[in-house]
Amino acid sequence: MRFITTADLKRRRNWIDEIAKLGQRFNDDSLRLEGELKTEIKKEGTAALVGHLRMAGDIPEVYGHDTSEEKQYSKYTDALLSEAFKAIGLKSTVLTERADAADVEAFGKDFSLVADAKAFRISRTAKNAEDFKVASMHGWKKGKDFAIVVCPLHQLPTKASQIYQQASASNVCLMTYAHLSVIVRYADLAGKSAAETLLRAVLDCIKTLKATKDSVAYWTCLNQTMLGFNKRVHDLWEEEQQAAIEAVVVAKDEATAFLAKEETRIRNLSHKDAIADLLRMHKIDKRVGVVKNIASNNLLEFGRPAAQ
């Protein structure tokens, strides 16, 4: 049995294309994208939401680095995370404030949280603790009870890491899209109240951890809390584990197909076009413009006595 369906793959391609077509009105486009996602999930149900969650952690290679498409993809994952919290039974909002703040907030019956959804290119090599923003999330709680960082499973370190020490020391819950998918699906089976209780149990588990870099200690706490919660959770767990394996294959196929086309395109460039491509890649025109606009300022005039 396959858990990532043909419909899931088609939906993924449609959203990648849709984000790539967005214009220069970033905030307006982000709001429209968020609305379209809500409408789709309302129409197609939990299956669509879970289909998104299973593949959302991989930024499409077709998007250039540090482009509007890449930034809009980040907004897409924020909106997706908010919809997942709603499916669990929480009230949730995507925050528009970007500097020094979390991306999503949510409120349960007796607890509140801030959250951030992480996505990385599958071709990414380094796994820096700063990329996960665990320490920042602790500071961004701003009175909320908990903080969550949702990450792609295959991008998390399996050995000792500073991110686990930061998470356990500051009461920030690192979880994967697979864990979140289990809780969302459990809400469908057992009801939102039960799913909210499960989420709260996971958050409380992280709060009890002693500060440690040990990945085994961290994930044992989180995984055992979920697996021991209910037999239904265990069954969903097995399915999401298989779905995660399939998602990696999808991401690899998606990336290698694009990179193969890109290699062919580059090899077929004329000398002139290759130079233009390099200039564009290094943003030479933009950097020259910045340099030309630099001018001396009058800081050295501050405090000088007036001319006699």
# chains A, B, ... in the order shown; residues from 1 in each chain; ligands from 1

$ residues_around --residues "Ser170 in chain A" --least-positions-apart "4" --cutoff "8 Å" --atoms "only C-alpha atoms" --output "JSON, numbers by chain"
{"A": [135, 138, 166]}

$ select_by_dssp --residues "range 210-243 of chain A" --states "helix (DSSP H, G or I)" --output "ChimeraX atom specification"
/A:215-227,231-243

$ closest_atom_pairs --of "range 147-246 of chain A" --to "range 35-57 of chain A" --cutoff "9 Å" --atoms "only C-alpha atoms" --output "CSV"
residue,atom,partner,partner_atom,distance
A:Val150,CA,A:Gly57,CA,8.8
A:Cys151,CA,A:Gly57,CA,6.6
A:Pro152,CA,A:Gly57,CA,4.7
A:Leu153,CA,A:Gly57,CA,8.2
A:Gln155,CA,A:Gly57,CA,8.8
A:Thr176,CA,A:Gly57,CA,8.9
A:Tyr177,CA,A:Leu53,CA,5.8
A:Ala178,CA,A:Arg54,CA,6.6
A:Leu180,CA,A:Leu53,CA,8.0
A:Ser181,CA,A:Val50,CA,5.8
A:Val182,CA,A:Val50,CA,8.8
A:Val184,CA,A:Val50,CA,7.6
A:Arg185,CA,A:Thr46,CA,7.2
A:Asp188,CA,A:Thr46,CA,7.5
A:Glu240,CA,A:Arg54,CA,8.3
A:Ala243,CA,A:Arg54,CA,7.0
A:Ala244,CA,A:Arg54,CA,6.7

$ write_last_selection --atoms "all heavy atoms" --output "CSV table (one decimal), in the first residue's frame"
chain,number,residue,atom,x,y,z
A,150,VAL,N,8.5,22.7,13.9
A,150,VAL,CA,8.2,21.5,13.1
A,150,VAL,C,9.2,21.4,12.0
A,150,VAL,O,9.4,22.3,11.2
A,150,VAL,CB,6.7,21.5,12.5
A,150,VAL,CG1,6.4,20.3,11.7
A,150,VAL,CG2,5.7,21.7,13.7
A,151,CYS,N,9.8,20.2,11.9
A,151,CYS,CA,11.0,20.0,10.9
A,151,CYS,C,10.8,18.8,10.1
A,151,CYS,O,10.1,17.9,10.5
A,151,CYS,CB,12.3,19.9,11.7
A,151,CYS,SG,12.6,21.1,12.9
A,152,PRO,N,11.4,18.8,8.9
A,152,PRO,CA,11.4,17.6,8.1
A,152,PRO,C,12.2,16.5,8.8
A,152,PRO,O,13.3,16.8,9.2
A,152,PRO,CB,12.0,18.0,6.7
A,152,PRO,CG,12.8,19.3,7.1
A,152,PRO,CD,12.1,19.9,8.2
A,153,LEU,N,11.7,15.3,8.8
A,153,LEU,CA,12.3,14.2,9.6
A,153,LEU,C,13.7,13.9,9.1
A,153,LEU,O,14.6,13.8,9.9
A,153,LEU,CB,11.5,12.9,9.4
A,153,LEU,CG,11.9,11.6,10.0
A,153,LEU,CD1,11.9,11.7,11.5
A,153,LEU,CD2,11.0,10.5,9.5
A,155,GLN,N,16.0,15.8,7.9
A,155,GLN,CA,16.9,16.9,8.1
A,155,GLN,C,17.4,17.0,9.5
A,155,GLN,O,18.3,17.8,9.8
A,155,GLN,CB,16.3,18.2,7.6
A,155,GLN,CG,16.1,18.2,6.1
A,155,GLN,CD,17.3,18.4,5.3
A,155,GLN,OE1,18.4,18.4,5.8
A,155,GLN,NE2,17.1,18.6,3.9
A,176,THR,N,8.5,16.5,14.1
A,176,THR,CA,8.5,16.4,12.7
A,176,THR,C,7.2,16.6,12.1
A,176,THR,O,6.1,16.4,12.8
A,176,THR,CB,9.2,15.1,12.3
A,176,THR,OG1,8.2,14.0,12.5
A,176,THR,CG2,10.4,14.8,13.0
A,177,TYR,N,7.1,16.8,10.8
A,177,TYR,CA,5.8,16.8,10.1
A,177,TYR,C,5.1,15.4,10.2
A,177,TYR,O,3.9,15.4,10.2
A,177,TYR,CB,6.1,17.1,8.6
A,177,TYR,CG,6.4,18.5,8.3
A,177,TYR,CD1,7.8,18.9,8.2
A,177,TYR,CD2,5.5,19.5,8.1
A,177,TYR,CE1,8.1,20.2,7.9
A,177,TYR,CE2,5.8,20.8,7.8
A,177,TYR,CZ,7.2,21.1,7.7
A,177,TYR,OH,7.5,22.4,7.4
A,178,ALA,N,5.9,14.3,10.4
A,178,ALA,CA,5.3,13.0,10.6
A,178,ALA,C,4.6,12.9,11.9
A,178,ALA,O,3.4,12.4,12.0
A,178,ALA,CB,6.4,11.9,10.5
A,180,LEU,N,3.3,15.5,13.5
A,180,LEU,CA,2.1,16.3,13.4
A,180,LEU,C,1.0,15.6,12.6
A,180,LEU,O,-0.2,15.7,12.9
A,180,LEU,CB,2.5,17.6,12.8
A,180,LEU,CG,1.5,18.8,12.8
A,180,LEU,CD1,1.0,19.1,14.2
A,180,LEU,CD2,2.0,20.0,12.1
A,181,SER,N,1.4,14.9,11.5
A,181,SER,CA,0.4,14.2,10.7
A,181,SER,C,-0.3,13.1,11.6
A,181,SER,O,-1.5,12.9,11.4
A,181,SER,CB,1.1,13.5,9.5
A,181,SER,OG,1.6,14.5,8.6
A,182,VAL,N,0.4,12.5,12.4
A,182,VAL,CA,-0.2,11.5,13.3
A,182,VAL,C,-1.3,12.1,14.2
A,182,VAL,O,-2.4,11.6,14.3
A,182,VAL,CB,0.9,10.8,14.2
A,182,VAL,CG1,0.2,9.9,15.3
A,182,VAL,CG2,1.8,9.9,13.4
A,184,VAL,N,-2.9,15.0,13.7
A,184,VAL,CA,-4.0,15.4,12.8
A,184,VAL,C,-4.9,14.3,12.5
A,184,VAL,O,-6.1,14.4,12.6
A,184,VAL,CB,-3.4,16.1,11.6
A,184,VAL,CG1,-4.6,16.3,10.5
A,184,VAL,CG2,-2.8,17.5,11.9
A,185,ARG,N,-4.3,13.2,12.1
A,185,ARG,CA,-5.1,12.0,11.7
A,185,ARG,C,-5.9,11.4,13.0
A,185,ARG,O,-7.0,10.9,12.9
A,185,ARG,CB,-4.3,10.9,11.1
A,185,ARG,CG,-3.7,11.4,9.7
A,185,ARG,CD,-2.9,10.3,9.1
A,185,ARG,NE,-3.7,9.1,8.8
A,185,ARG,CZ,-3.2,7.9,8.5
A,185,ARG,NH1,-1.9,7.7,8.5
A,185,ARG,NH2,-4.0,6.9,8.2
A,188,ASP,N,-9.1,13.1,13.6
A,188,ASP,CA,-10.1,12.5,12.7
A,188,ASP,C,-10.8,11.3,13.3
A,188,ASP,O,-12.0,11.0,13.1
A,188,ASP,CB,-9.6,12.2,11.3
A,188,ASP,CG,-10.3,13.0,10.2
A,188,ASP,OD1,-10.9,14.0,10.5
A,188,ASP,OD2,-10.2,12.6,9.1
A,240,GLU,N,2.5,6.5,9.1
A,240,GLU,CA,3.3,7.8,8.8
A,240,GLU,C,4.8,7.5,8.7
A,240,GLU,O,5.5,8.2,8.0
A,240,GLU,CB,3.0,8.8,9.9
A,240,GLU,CG,1.6,9.4,9.9
A,240,GLU,CD,1.2,9.9,8.5
A,240,GLU,OE1,2.1,10.6,7.9
A,240,GLU,OE2,0.1,9.6,8.0
A,243,ALA,N,5.0,6.5,5.2
A,243,ALA,CA,4.8,7.7,4.3
A,243,ALA,C,6.0,8.6,4.3
A,243,ALA,O,6.4,9.2,3.3
A,243,ALA,CB,3.6,8.5,4.9
A,244,ALA,N,6.7,8.7,5.4
A,244,ALA,CA,8.0,9.5,5.5
A,244,ALA,C,9.0,8.9,4.6
A,244,ALA,O,9.8,9.7,3.9
A,244,ALA,CB,8.5,9.6,6.9

$ residues_around --residues "Ile88 in chain A" --least-positions-apart "3" --cutoff "12 Å" --atoms "only C-alpha atoms" --output "PyMOL selection string"
chain A and resi 46+49+81-85+91-92+106-109+180-200

$ write_last_selection --atoms "N, CA and C atoms" --output "compact mmCIF listing (two decimals), in the first residue's frame"
# COMPACT_ATOMS: atom_id res chain seq x y z
N THR A 46 -9.20 16.11 5.66
CA THR A 46 -7.95 15.76 6.32
C THR A 46 -6.94 15.12 5.38
N LEU A 49 -4.87 17.80 3.82
CA LEU A 49 -3.97 18.41 4.81
C LEU A 49 -2.78 17.50 5.08
N LEU A 81 0.93 24.86 8.80
CA LEU A 81 1.05 24.56 10.23
C LEU A 81 -0.17 25.07 10.99
N SER A 82 -0.62 26.27 10.66
CA SER A 82 -1.79 26.83 11.31
C SER A 82 -3.03 25.99 11.05
N GLU A 83 -3.19 25.52 9.80
CA GLU A 83 -4.33 24.66 9.47
C GLU A 83 -4.27 23.33 10.22
N ALA A 84 -3.07 22.82 10.45
CA ALA A 84 -2.91 21.57 11.20
C ALA A 84 -3.36 21.76 12.64
N PHE A 85 -2.99 22.88 13.25
CA PHE A 85 -3.42 23.15 14.62
C PHE A 85 -4.94 23.26 14.70
N LYS A 91 -7.35 27.04 18.23
CA LYS A 91 -7.53 28.26 17.45
C LYS A 91 -6.14 28.74 17.04
N SER A 92 -5.96 29.06 15.77
CA SER A 92 -4.62 29.37 15.30
C SER A 92 -4.62 30.48 14.26
N ALA A 106 -1.10 29.62 18.51
CA ALA A 106 -2.28 28.77 18.65
C ALA A 106 -2.69 28.71 20.12
N PHE A 107 -4.00 28.46 20.31
CA PHE A 107 -4.54 28.44 21.66
C PHE A 107 -5.41 27.20 21.84
N GLY A 108 -5.08 26.40 22.84
CA GLY A 108 -5.90 25.26 23.21
C GLY A 108 -6.84 25.62 24.34
N LYS A 109 -7.47 24.59 24.93
CA LYS A 109 -8.43 24.85 26.00
C LYS A 109 -7.76 25.48 27.22
N LEU A 180 3.30 15.46 13.52
CA LEU A 180 2.12 16.31 13.40
C LEU A 180 1.02 15.63 12.58
N SER A 181 1.41 14.92 11.55
CA SER A 181 0.43 14.18 10.73
C SER A 181 -0.30 13.13 11.56
N VAL A 182 0.43 12.45 12.44
CA VAL A 182 -0.19 11.46 13.31
C VAL A 182 -1.26 12.12 14.18
N ILE A 183 -0.94 13.27 14.77
CA ILE A 183 -1.89 13.94 15.67
C ILE A 183 -3.10 14.45 14.89
N VAL A 184 -2.86 14.98 13.68
CA VAL A 184 -3.98 15.44 12.84
C VAL A 184 -4.90 14.28 12.49
N ARG A 185 -4.34 13.16 12.10
CA ARG A 185 -5.15 11.99 11.75
C ARG A 185 -5.86 11.41 12.98
N TYR A 186 -5.21 11.51 14.13
CA TYR A 186 -5.83 11.02 15.36
C TYR A 186 -7.06 11.86 15.70
N ALA A 187 -7.01 13.15 15.40
CA ALA A 187 -8.17 14.01 15.62
C ALA A 187 -9.36 13.54 14.80
N ASP A 188 -9.09 13.06 13.59
CA ASP A 188 -10.15 12.54 12.72
C ASP A 188 -10.77 11.27 13.30
N LEU A 189 -9.95 10.45 13.93
CA LEU A 189 -10.41 9.16 14.46
C LEU A 189 -11.06 9.29 15.84
N ALA A 190 -10.42 10.03 16.72
CA ALA A 190 -10.83 10.05 18.13
C ALA A 190 -11.47 11.36 18.56
N GLY A 191 -11.45 12.36 17.69
CA GLY A 191 -12.02 13.65 18.04
C GLY A 191 -10.95 14.67 18.40
N LYS A 192 -11.30 15.93 18.24
CA LYS A 192 -10.34 17.00 18.46
C LYS A 192 -9.90 17.11 19.91
N SER A 193 -10.79 16.85 20.83
CA SER A 193 -10.44 16.95 22.24
C SER A 193 -9.34 15.96 22.60
N ALA A 194 -9.46 14.72 22.09
CA ALA A 194 -8.45 13.70 22.35
C ALA A 194 -7.12 14.08 21.71
N ALA A 195 -7.18 14.64 20.48
CA ALA A 195 -5.96 15.04 19.79
C ALA A 195 -5.27 16.20 20.51
N GLU A 196 -6.05 17.13 21.01
CA GLU A 196 -5.48 18.24 21.77
C GLU A 196 -4.81 17.74 23.04
N THR A 197 -5.42 16.75 23.69
CA THR A 197 -4.82 16.15 24.89
C THR A 197 -3.51 15.47 24.54
N LEU A 198 -3.45 14.81 23.39
CA LEU A 198 -2.22 14.17 22.95
C LEU A 198 -1.12 15.20 22.71
N LEU A 199 -1.46 16.29 22.03
CA LEU A 199 -0.48 17.34 21.78
C LEU A 199 0.03 17.92 23.10
N ARG A 200 -0.86 18.14 24.03
CA ARG A 200 -0.45 18.69 25.34
C ARG A 200 0.46 17.70 26.06

$ residues_around --residues "range 276-284 of chain A" --least-positions-apart "5" --cutoff "10 Å" --atoms "only C-alpha atoms" --output "PyMOL selection string"
chain A and resi 64-65+266+269-271+289-290

$ closest_atom_pairs --of "range 55-105 of chain A" --to "range 256-259 of chain A" --cutoff "12 Å" --atoms "only C-alpha atoms" --output "JSON lines"
{"residue": "A:Pro60", "atom": "CA", "partner": "A:Phe258", "partner_atom": "CA", "distance": 9.0}
{"residue": "A:Glu61", "atom": "CA", "partner": "A:Phe258", "partner_atom": "CA", "distance": 6.8}
{"residue": "A:Val62", "atom": "CA", "partner": "A:Phe258", "partner_atom": "CA", "distance": 6.4}
{"residue": "A:Tyr63", "atom": "CA", "partner": "A:Phe258", "partner_atom": "CA", "distance": 10.1}
{"residue": "A:Gly64", "atom": "CA", "partner": "A:Phe258", "partner_atom": "CA", "distance": 11.7}

$ write_last_selection --atoms "N, CA and C atoms" --output "mmCIF file, in the first residue's frame"
data_model
loop_
_atom_site.group_PDB
_atom_site.id
_atom_site.type_symbol
_atom_site.label_atom_id
_atom_site.label_comp_id
_atom_site.auth_asym_id
_atom_site.auth_seq_id
_atom_site.Cartn_x
_atom_site.Cartn_y
_atom_site.Cartn_z
ATOM 1 N N PRO A 60 11.289 23.144 -2.961
ATOM 2 C CA PRO A 60 11.561 22.711 -4.343
ATOM 3 C C PRO A 60 12.858 23.311 -4.881
ATOM 4 N N GLU A 61 13.672 22.486 -5.495
ATOM 5 C CA GLU A 61 14.934 22.965 -6.063
ATOM 6 C C GLU A 61 14.704 23.941 -7.217
ATOM 7 N N VAL A 62 13.521 23.896 -7.803
ATOM 8 C CA VAL A 62 13.228 24.782 -8.923
ATOM 9 C C VAL A 62 13.202 26.249 -8.500
ATOM 10 N N TYR A 63 13.013 26.509 -7.193
ATOM 11 C CA TYR A 63 13.038 27.880 -6.703
ATOM 12 C C TYR A 63 14.489 28.310 -6.493
ATOM 13 N N GLY A 64 14.841 29.489 -6.973
ATOM 14 C CA GLY A 64 16.182 30.007 -6.752
ATOM 15 C C GLY A 64 16.415 30.330 -5.285
#

$ closest_residue --among "A:Asp58, A:Asp29, A:Glu301, A:Glu105" --to "Val250 in chain A" --atoms "only C-alpha atoms"
A:Asp58

$ select_by_dssp --residues "range 82-277 of chain A" --states "strand (DSSP E or B)" --output "list of chain:residue names"
A:Lys91, A:Ser92, A:Thr93, A:Val94, A:Val104, A:Glu105, A:Ala106, A:Phe107, A:Ser112, A:Leu113, A:Val114, A:Ala115, A:Asp116, A:Ala117, A:Phe120, A:Phe146, A:Ala147, A:Ile148, A:Val149, A:Val150, A:Cys151, A:Val172, A:Cys173, A:Leu174, A:Met175, A:Thr176

$ residues_around --residues "range 222-230 of chain A" --least-positions-apart "2" --cutoff "9 Å" --atoms "only C-alpha atoms" --output "ChimeraX atom specification"
/A:173,175,179,183,198-199,201-203,205-206,217-220,232-235,237

$ atom_distance --atom1 "CA of Asp103 in chain A" --atom2 "CA of Leu22 in chain A"
20.5 Å

$ residues_around --residues "Ile16 in chain A" --least-positions-apart "3" --cutoff "10 Å" --atoms "only C-alpha atoms" --output "short mmCIF file (atom, residue, chain, number, x, y, z; two decimals) with C-alpha atoms, in the first residue's frame"
data_model
loop_
_atom_site.label_atom_id
_atom_site.label_comp_id
_atom_site.auth_asym_id
_atom_site.auth_seq_id
_atom_site.Cartn_x
_atom_site.Cartn_y
_atom_site.Cartn_z
CA LYS A 10 -0.52 16.27 -8.40
CA ARG A 11 -1.45 18.63 -5.57
CA ARG A 12 2.23 19.12 -4.75
CA ARG A 13 3.06 20.02 -8.40
CA ILE A 19 3.81 29.73 -5.79
CA ALA A 20 6.19 30.23 -8.72
CA LYS A 21 3.55 32.33 -10.53
CA ILE A 59 11.82 23.34 -0.58
CA PRO A 60 11.56 22.71 -4.34
CA VAL A 62 13.23 24.78 -8.92
CA TYR A 63 13.04 27.88 -6.70
CA GLU A 69 9.32 31.98 -4.45
CA TYR A 73 7.13 28.71 0.22
#
